[in-house]
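Worksheet: the structure to be examined is printed underneath.
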Amino acid sequence: PREYVVILKKIKKLMFSFFKKHQKPLFEELCDIHNHLLPGIDDGSKNLDTSTKMLHTFETLGFKSTIPTPHIYKELYPNTPETIKEAFQLLKEHKDHANTIKVNSYAAEYMVDEVFMKNLEKASPLLLLNDTYILLEINFFGKTTMLKSACFSLCQKNITPILAHPERYHLIKDISEYQNLKNQGFYFQLNALSLMGQYGPEVKQKAEKLLKEGLYDFVATDAHSVNDLKKLKSLSLSKKLGIQWESIREFQLKLFSS
């Protein structure tokens, strides 16, 4: 019957739309707010040559600017504002003039541990994104108790905490736990590489779920190498995930426009 044929065509059209890939550029004009670009001070770039190659690859992905965020973690990477500034100045001095991507500032990725909490009692952290946001991480098998205390103290100081790669923390499992952290004042930053299975299938699945639920506020590369960035050239999203990604893009472009 004609009606049956029409219904079949509609079903096929809906299925095609559902499985269609998101076609818009993913990183065009964005500022990458989490990466390990600075040479020789953590587990990211080891030298100026690597940092220069990373900047070139950032450009090919479409990024307009990038803010390096080296680790501050006393046990492994005991960086200070001074050591980070020194590495930043070194990169600026040797930056290839043919490379148009902007590197106008720097911040840090703070490990929330006993040392961080003691320092927080004494003074506000200095290395912030846009003088407003602080990038935080915890141990990948760590609990959130100290994280919640840090969030409260930071908000009291009018500093907004951004939790880096929330999809990678093994002890945070349920959407309700993530929502609770959001309600306390956290912003969430997605590692784009998580969507490619860089950290395993479980992390990929969680990242997709959090993205579908609209819980991410920012997206970043967390790139430690040129290879990390090259992998992102093949990142593709479903139409549904792409809609959420575009929402993040718009928000991020407003807050980090240069």
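Going by the structure tokens order, chains are called A, B, ..., each with residues numbered from 1, while ligands are numbered from 1 in the order shown.
Neighbours of Ser176 in chain A closer than or equal to 12 Å, with only C-alpha atoms counted and sequence neighbours fewer than 5 positions away skipped, come out as A:Leu181, A:Lys182, A:Asn183, A:Leu210, A:Glu213, A:Leu215.
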I need the residues of range 33-236 of chain A that end up classed as strand (DSSP E) by DSSP on the backbone, written out as a ChimeraX atom specification. /A:65-66,71-72,109-111,133-137,160-164,187-191,218-220
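Distances from A:Gln205, A:His224, A:Asp174, A:Lys92 to Gly40 in chain A were compared using only C-alpha atoms, and the smallest one belongs to A:His224.
Residues surrounding Val219 in chain A within 7 Å are A:Gln189, A:Leu190, A:Asn191, A:Ala192 [only C-alpha atoms; sequence separation below 2 positions excluded].
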DSSP alpha helix (DSSP H) residues within range 48-250 of chain A, listed as number ranges by chain: A: 48-61, 81-94, 114-122, 145-156, 175-184, 201-212, 226-231, 239-250
For a test of reading the model, state the distance in Å between CA of Lys74 in chain A and CA of Pro39 in chain A, rounded to one decimal. 18.2 Å
